[in-house]
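Data from work-v4.txt: compact mmCIF, C-alpha atoms
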# COMPACT_ATOMS: atom_id res chain seq x y z
CA MET R 215 0.00 0.00 0.00
CA VAL R 216 1.22 3.48 -0.91
CA VAL R 217 1.39 5.61 2.23
CA ASP R 218 2.98 8.91 1.21
CA ALA R 219 0.63 11.83 0.57
CA ALA R 220 1.17 12.12 -3.20
CA GLY R 221 0.98 8.36 -3.72
CA SER R 222 -2.20 8.04 -1.68
CA ARG R 223 -3.92 10.67 -3.75
CA VAL R 224 -2.97 9.01 -7.03
CA HIS R 225 -4.12 5.69 -5.58
CA ALA R 226 -7.47 7.21 -4.53
CA VAL R 227 -8.03 8.81 -7.95
CA HIS R 228 -7.30 5.48 -9.60
CA ASP R 229 -9.70 3.63 -7.26
CA THR R 230 -12.49 6.06 -8.03
CA ALA R 231 -12.10 5.66 -11.81
CA VAL R 232 -12.12 1.86 -11.51
CA THR R 233 -15.10 1.94 -9.15
CA ARG R 234 -17.03 4.23 -11.51
CA GLN R 235 -16.32 1.95 -14.45
CA THR R 236 -17.29 -1.18 -12.49
CA ALA R 237 -20.53 0.46 -11.36
CA GLN R 238 -21.41 1.40 -14.96
CA TYR R 239 -20.51 -2.07 -16.19
CA TYR R 240 -22.68 -3.65 -13.45
CA VAL R 241 -25.76 -1.87 -14.84
CA ASP R 242 -24.70 -2.67 -18.40
CA CYS R 243 -24.34 -6.41 -17.63
CA LEU R 244 -27.76 -6.52 -15.96
CA GLU R 245 -29.39 -4.70 -18.87
CA ARG R 246 -27.76 -7.04 -21.42
CA ARG R 247 -28.43 -10.19 -19.33
CA ASP R 248 -24.71 -10.83 -19.54
CA TRP R 249 -24.60 -13.21 -16.56
CA ALA R 250 -20.95 -14.22 -17.07
CA GLY R 251 -19.98 -10.54 -17.25
CA LEU R 252 -22.00 -9.81 -14.11
CA ALA R 253 -20.44 -12.74 -12.21
CA ALA R 254 -16.96 -11.51 -13.14
CA LEU R 255 -17.65 -8.19 -11.37
CA LEU R 256 -18.76 -9.79 -8.10
CA ALA R 257 -16.78 -11.00 -5.10
CA ASP R 258 -17.39 -14.68 -4.25
CA ASP R 259 -18.98 -13.65 -0.96
CA VAL R 260 -20.90 -10.60 -2.24
CA VAL R 261 -23.82 -9.59 -0.01
CA TYR R 262 -26.98 -8.12 -1.58
CA GLU R 263 -29.54 -6.38 0.65
CA MET R 264 -32.99 -4.87 0.13
CA PRO R 265 -33.68 -2.99 3.40
CA GLN R 266 -37.33 -2.30 2.49
CA THR R 267 -38.20 -6.02 2.59
CA ARG R 268 -35.35 -6.94 4.98
CA GLU R 269 -34.08 -9.48 2.45
CA ARG R 270 -30.45 -10.54 2.08
CA ILE R 271 -28.78 -12.74 -0.52
CA ARG R 272 -25.31 -14.13 0.15
CA GLY R 273 -22.84 -15.19 -2.50
CA ARG R 274 -22.23 -14.59 -6.18
CA ASP R 275 -24.09 -17.65 -7.48
CA ALA R 276 -27.28 -16.92 -5.54
CA PHE R 277 -27.24 -13.25 -6.56
CA VAL R 278 -26.75 -14.03 -10.26
CA GLN R 279 -29.55 -16.63 -10.03
CA PHE R 280 -31.82 -14.04 -8.38
CA ASN R 281 -31.33 -11.78 -11.39
CA ILE R 282 -31.76 -14.59 -13.94
CA ASP R 283 -35.05 -15.53 -12.23
CA TYR R 284 -36.33 -11.96 -11.79
CA PRO R 285 -39.70 -11.84 -13.54
CA GLY R 286 -40.80 -9.33 -16.20
CA ASP R 287 -39.11 -7.72 -19.18
CA TRP R 288 -37.21 -5.23 -17.03
CA HIS R 289 -34.82 -2.63 -18.40
CA MET R 290 -32.55 -0.22 -16.60
CA LEU R 291 -31.04 3.08 -17.61
CA LEU R 292 -28.24 4.68 -15.61
CA ARG R 293 -29.36 8.18 -14.62
CA GLN R 294 -26.37 8.97 -12.46
CA VAL R 295 -23.29 7.28 -11.05
CA VAL R 296 -21.36 8.79 -8.17
CA ALA R 297 -18.08 7.03 -7.33
CA ASP R 298 -15.75 7.81 -4.45
CA GLY R 299 -12.82 5.53 -3.66
CA SER R 300 -14.30 2.08 -3.00
CA LEU R 301 -17.92 3.34 -2.82
CA ALA R 302 -20.45 4.08 -5.52
CA ALA R 303 -24.08 5.16 -5.70
CA LEU R 304 -26.27 4.45 -8.72
CA TRP R 305 -29.47 6.24 -9.60
CA LEU R 306 -31.46 4.12 -12.03
CA ASP R 307 -34.52 4.51 -14.21
CA VAL R 308 -36.08 1.03 -14.32
CA ARG R 309 -38.93 0.03 -16.62
CA VAL R 310 -41.00 -3.15 -16.61
CA GLY R 311 -43.55 -3.13 -19.41
CA GLY R 312 -45.32 0.23 -19.14
CA GLU R 313 -44.29 0.78 -15.50
CA GLN R 314 -41.44 3.10 -14.51
CA MET R 315 -39.59 3.11 -11.17
CA ASP R 316 -36.48 4.80 -9.89
CA ALA R 317 -33.95 2.81 -7.89
CA CYS R 318 -31.10 3.87 -5.62
CA VAL R 319 -28.22 1.41 -5.36
CA TRP R 320 -25.20 1.53 -3.05
CA LEU R 321 -22.09 -0.43 -4.00
CA GLU R 322 -18.95 -1.31 -2.07
CA MET R 323 -15.81 -2.67 -3.70
CA SER R 324 -13.37 -5.14 -2.17
CA ASP R 325 -9.62 -4.43 -2.11
CA GLY R 326 -9.38 -6.52 -5.26
CA GLY R 327 -11.83 -4.24 -7.11
CA LEU R 328 -14.80 -6.63 -7.08
CA ILE R 329 -18.27 -5.67 -5.87
CA SER R 330 -18.57 -6.94 -2.29
CA ARG R 331 -21.82 -5.30 -1.17
CA ILE R 332 -24.96 -4.11 -2.99
CA VAL R 333 -27.85 -2.35 -1.26
CA ASP R 334 -30.95 -1.68 -3.35
CA TYR R 335 -33.79 0.73 -2.61
CA TRP R 336 -37.00 0.70 -4.64
CA PRO R 337 -38.93 3.81 -3.55
CA GLU R 338 -42.61 3.61 -4.51
CA PRO R 339 -44.91 6.58 -5.21
CA TYR R 340 -47.09 7.88 -2.38
CA ASP R 341 -49.45 10.77 -1.76
CA PRO R 342 -47.92 13.89 -0.21
CA PRO R 343 -49.18 14.87 3.25
CA PRO R 344 -51.31 18.02 3.40
CA GLY R 345 -50.00 21.36 4.69
CA ARG R 346 -47.13 22.18 2.35
CA GLU R 347 -49.03 23.05 -0.81
CA HIS R 348 -48.03 26.73 -0.50
CA LEU R 349 -44.33 25.81 -0.88
CA VAL R 350 -44.65 23.07 -3.44
CA GLU R 351 -45.49 22.54 -7.10
CA ARG R 352 -46.52 19.12 -8.48
CA TRP R 353 -45.54 17.47 -11.73
CA MET A 70 -10.41 27.13 -15.70
CA VAL A 71 -7.38 24.84 -15.62
CA VAL A 72 -7.20 22.87 -18.88
CA ASP A 73 -3.95 20.89 -18.75
CA ALA A 74 -4.17 17.23 -17.71
CA ALA A 75 -2.38 17.51 -14.36
CA GLY A 76 -4.24 20.69 -13.41
CA SER A 77 -7.61 19.20 -14.30
CA ARG A 78 -6.99 16.25 -12.05
CA VAL A 79 -6.05 18.43 -9.11
CA HIS A 80 -9.11 20.57 -9.82
CA ALA A 81 -11.35 17.46 -9.85
CA VAL A 82 -9.86 16.16 -6.60
CA HIS A 83 -10.43 19.54 -5.00
CA ASP A 84 -14.05 19.68 -6.22
CA THR A 85 -14.77 16.26 -4.79
CA ALA A 86 -13.37 17.17 -1.38
CA VAL A 87 -15.42 20.39 -1.26
CA THR A 88 -18.55 18.56 -2.45
CA ARG A 89 -18.09 15.85 0.21
CA GLN A 90 -17.66 18.45 2.92
CA THR A 91 -20.70 20.45 1.74
CA ALA A 92 -22.82 17.27 1.65
CA GLN A 93 -21.79 16.37 5.21
CA TYR A 94 -22.41 19.93 6.39
CA TYR A 95 -25.86 19.90 4.74
CA VAL A 96 -26.91 16.95 6.93
CA ASP A 97 -25.25 18.53 9.96
CA CYS A 98 -27.15 21.83 9.48
CA LEU A 99 -30.48 20.01 9.12
CA GLU A 100 -29.83 17.92 12.23
CA ARG A 101 -28.84 21.00 14.27
CA ARG A 102 -31.71 23.13 12.87
CA ASP A 103 -29.02 25.61 11.82
CA TRP A 104 -31.19 27.41 9.25
CA ALA A 105 -28.66 30.17 8.56
CA GLY A 106 -25.96 27.55 8.04
CA LEU A 107 -28.25 25.59 5.73
CA ALA A 108 -29.18 28.68 3.70
CA ALA A 109 -25.49 29.50 3.24
CA LEU A 110 -24.95 26.14 1.49
CA LEU A 111 -27.78 26.62 -1.01
CA ALA A 112 -27.88 28.37 -4.37
CA ASP A 113 -30.53 31.10 -4.60
CA ASP A 114 -32.40 29.09 -7.21
CA VAL A 115 -31.91 25.65 -5.65
CA VAL A 116 -34.46 23.08 -6.81
CA TYR A 117 -35.65 20.36 -4.41
CA GLU A 118 -37.55 17.35 -5.76
CA MET A 119 -39.32 14.35 -4.26
CA PRO A 120 -40.03 12.07 -7.23
CA GLN A 121 -42.24 9.71 -5.20
CA THR A 122 -44.85 12.42 -4.63
CA ARG A 123 -43.93 14.43 -7.73
CA GLU A 124 -43.34 17.50 -5.56
CA ARG A 125 -40.88 20.28 -6.38
CA ILE A 126 -39.79 23.28 -4.32
CA ARG A 127 -38.01 26.17 -6.02
CA GLY A 128 -35.69 28.60 -4.30
CA ARG A 129 -33.63 28.76 -1.13
CA ASP A 130 -36.20 30.55 1.02
CA ALA A 131 -39.01 28.10 0.24
CA PHE A 132 -36.76 25.09 0.83
CA VAL A 133 -35.48 26.38 4.18
CA GLN A 134 -39.08 27.15 5.20
CA PHE A 135 -40.13 23.63 4.18
CA ASN A 136 -37.55 22.24 6.60
CA ILE A 137 -38.44 24.67 9.40
CA ASP A 138 -42.09 23.62 9.03
CA TYR A 139 -41.43 19.88 8.73
CA PRO A 140 -43.43 18.24 11.52
CA GLY A 141 -42.09 15.82 14.12
CA ASP A 142 -38.90 15.58 16.18
CA TRP A 143 -36.88 14.20 13.26
CA HIS A 144 -33.20 13.31 13.45
CA MET A 145 -30.82 12.25 10.75
CA LEU A 146 -27.59 10.29 10.85
CA LEU A 147 -25.26 10.15 7.86
CA ARG A 148 -24.69 6.49 6.99
CA GLN A 149 -22.69 7.15 3.85
CA VAL A 150 -21.61 10.02 1.65
CA VAL A 151 -20.32 9.43 -1.87
CA ALA A 152 -18.93 12.51 -3.61
CA ASP A 153 -17.68 12.75 -7.19
CA GLY A 154 -16.82 16.13 -8.69
CA SER A 155 -19.97 18.25 -8.47
CA LEU A 156 -22.24 15.31 -7.51
CA ALA A 157 -22.92 13.65 -4.18
CA ALA A 158 -25.16 10.90 -2.88
CA LEU A 159 -26.21 10.69 0.77
CA TRP A 160 -27.52 7.61 2.52
CA LEU A 161 -29.31 8.65 5.68
CA ASP A 162 -30.78 6.97 8.74
CA VAL A 163 -33.74 9.17 9.71
CA ARG A 164 -35.70 8.79 12.95
CA VAL A 165 -38.96 10.44 13.96
CA GLY A 166 -39.98 9.40 17.45
CA GLY A 167 -39.75 5.60 17.48
CA GLU A 168 -39.93 5.28 13.69
CA GLN A 169 -36.86 4.68 11.55
CA MET A 170 -36.54 5.27 7.80
CA ASP A 171 -33.66 5.30 5.35
CA ALA A 172 -33.38 8.09 2.81
CA CYS A 173 -31.39 8.41 -0.40
CA VAL A 174 -30.45 11.96 -1.38
CA TRP A 175 -28.82 13.15 -4.60
CA LEU A 176 -27.03 16.52 -4.59
CA GLU A 177 -25.68 18.67 -7.39
CA MET A 178 -23.34 21.59 -6.83
CA SER A 179 -23.21 24.79 -8.86
CA ASP A 180 -19.93 26.09 -10.28
CA GLY A 181 -19.71 28.32 -7.21
CA GLY A 182 -19.83 25.31 -4.87
CA LEU A 183 -23.39 25.83 -3.64
CA ILE A 184 -26.06 23.13 -3.66
CA SER A 185 -28.18 23.71 -6.77
CA ARG A 186 -30.29 20.52 -6.85
CA ILE A 187 -31.53 18.11 -4.19
CA VAL A 188 -33.50 14.96 -4.98
CA ASP A 189 -34.89 13.00 -2.00
CA TYR A 190 -36.15 9.42 -1.97
CA TRP A 191 -37.97 8.01 1.04
CA PRO A 192 -38.30 4.27 0.40
CA GLU A 193 -40.96 2.65 2.57
CA PRO A 194 -41.02 -0.99 3.73
CA TYR A 195 -43.05 -3.48 1.72
CA ASP A 196 -43.65 -7.23 1.67
CA PRO A 197 -41.39 -9.26 -0.62
CA PRO A 198 -43.09 -11.07 -3.51
CA PRO A 199 -43.21 -14.87 -3.22
CA GLY A 200 -40.93 -17.19 -5.20
CA ARG A 201 -37.43 -16.19 -4.12
CA GLU A 202 -37.39 -17.60 -0.59
CA HIS A 203 -34.83 -20.27 -1.59
CA LEU A 204 -32.25 -17.57 -2.42
CA VAL A 205 -33.01 -15.11 0.36
CA GLU A 206 -32.67 -14.73 4.13
CA ARG A 207 -34.76 -12.21 6.11
CA TRP A 208 -33.68 -9.99 8.96
If you convert what's in this file into C-alpha cells, what do you get?
Amino acid sequence: MVVDAAGSRVHAVHDTAVTRQTAQYYVDCLERRDWAGLAALLADDVVYEMPQTRERIRGRDAFVQFNIDYPGDWHMLLRQVVADGSLAALWLDVRVGGEQMDACVWLEMSDGGLISRIVDYWPEPYDPPPGREHLVERW
Amino acid sequence: MVVDAAGSRVHAVHDTAVTRQTAQYYVDCLERRDWAGLAALLADDVVYEMPQTRERIRGRDAFVQFNIDYPGDWHMLLRQVVADGSLAALWLDVRVGGEQMDACVWLEMSDGGLISRIVDYWPEPYDPPPGREHLVERW
C-alpha cells in the first residue's frame, strides 16, 4: 500500500475511476443479461440487501440466479453514477412493461476491485401529506 | 479554468473534497436546525424534488421554510456520503420518534460550490413477492 501523501492521492483517484467503471458495467451487464460478465464483477462472498423487505442474498451464485429468475421484461437506464474511492451510488430509471420506477443502489468494492456489497432501494410513489401546498409545485 | 491534464486532475480532486464536505455539512445543518448555516450552502435558485410524490420546491427561502415547518422531532444520521466532482449521494438513517426510515439523497453543486439541486427518496417498507425464498434470508 502506498502511504505517502502524493501516492495516496494518485491511488485514490485510480480507485475512483475503476469503481465508476465497475458500477457502470454492473448496470450494463444486468441490462444485457450478460450473466458471465456480471459474475466476473462480483466477489465470491458478495452480499446483496434490500432494506425495504429486509431481504439478504449471500454469494455470487445466488445473486446471479436471483437476477436470472427476476420476472418481467425489465430494463434499466443509468441516470447517475457517483463514485468515491471504493464506494459508488447508482441512480437508475427502471422500466417493466409500461411501469417506470427509480432505484437507488449503493455499492462497495473489495480491495481486489470486485463488488462486495450491494444495497438496493425501490422507492414507490405515495401521496404527499397536506399542509405544504403553499411551498410546493406538483408534476 | 485549468485545462492541462495535471491541473484538471487536481481541480477534480479539489471539487470532490469540497462537495463531500458540503454534503456532510448539509446533513449537519439540518440535524442541528441551523437554518442560517443551511441557507449559506444553497444556491438562490436551488431546486428540491421528491419524485415519489412528484413534488418540487423552487428557491432557497421556500426550501429552508419547508424544513423549518417539517413536523415531528426528526433526526438524521449520515450512513454514507459518496462525492464525485460536483455530484454527491447521501444515505441517511432518519428517525422520527420511534420510527426509523432510510433516505437516499442526490445533490448537485453549482460552479460556485453551492447546492443547486436536491432529490430526495424516502423508500418505505413493503412485503417481498413470493418465489425467491430459496435464495433469500430475512432480517
If we count all atoms listed in the file, what is near stretch 295-308 of chain R at a cut-off of 8 Å, once residues fewer than 5 positions away on the same chain are taken out, given as JSON, numbers by chain?
{"R": [226, 227, 229, 230, 231, 233, 234, 237, 238, 288, 289, 290, 314, 315, 316, 317, 318, 319, 320, 321, 322, 323, 324, 327], "A": [151, 152, 153, 156, 157, 158]}
Select all residues from chain R having any atom no more than 8 Å from an atom of chain A (counting all atoms listed in the file, ignoring ligands), output as a ChimeraX atom specification.
/R:227,265-272,276-277,280,296-298,301-303,318,335-342,346,349-353
Would you work out the distance separating atom CA of R:Val333 from atom CA of A:Leu111, expressed in Å to one decimal?
29.0 Å
At a cut-off of 9 Å, using all atoms listed in the file, what residues contact R:Leu255? Leave out same-chain residues fewer than 5 positions from it and give the result as a ChimeraX atom specification.
/R:236,239-240,250,327-329
Take atom CA of R:Leu292 and atom CA of R:Asp248 and report the distance between them in Å, one decimal.
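Straight-line distance from atom CA of R:Leu292 to atom CA of R:Asp248 works out to 16.4 Å.
Atom CA of A:Ala109 is positioned 11.9 Å from atom CA of A:Ser185.
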So which residues touch R:Trp249 within 10 Å, counting all atoms listed in the file, skipping near sequence neighbours fewer than 6 positions away, as a ChimeraX atom specification?
/R:243,278-279,281-282
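Distances to A:Val96 were evaluated for A:Gly141, A:Val115, A:Leu146, A:Ala108 using only C-alpha atoms, and the minimum falls at A:Leu146.
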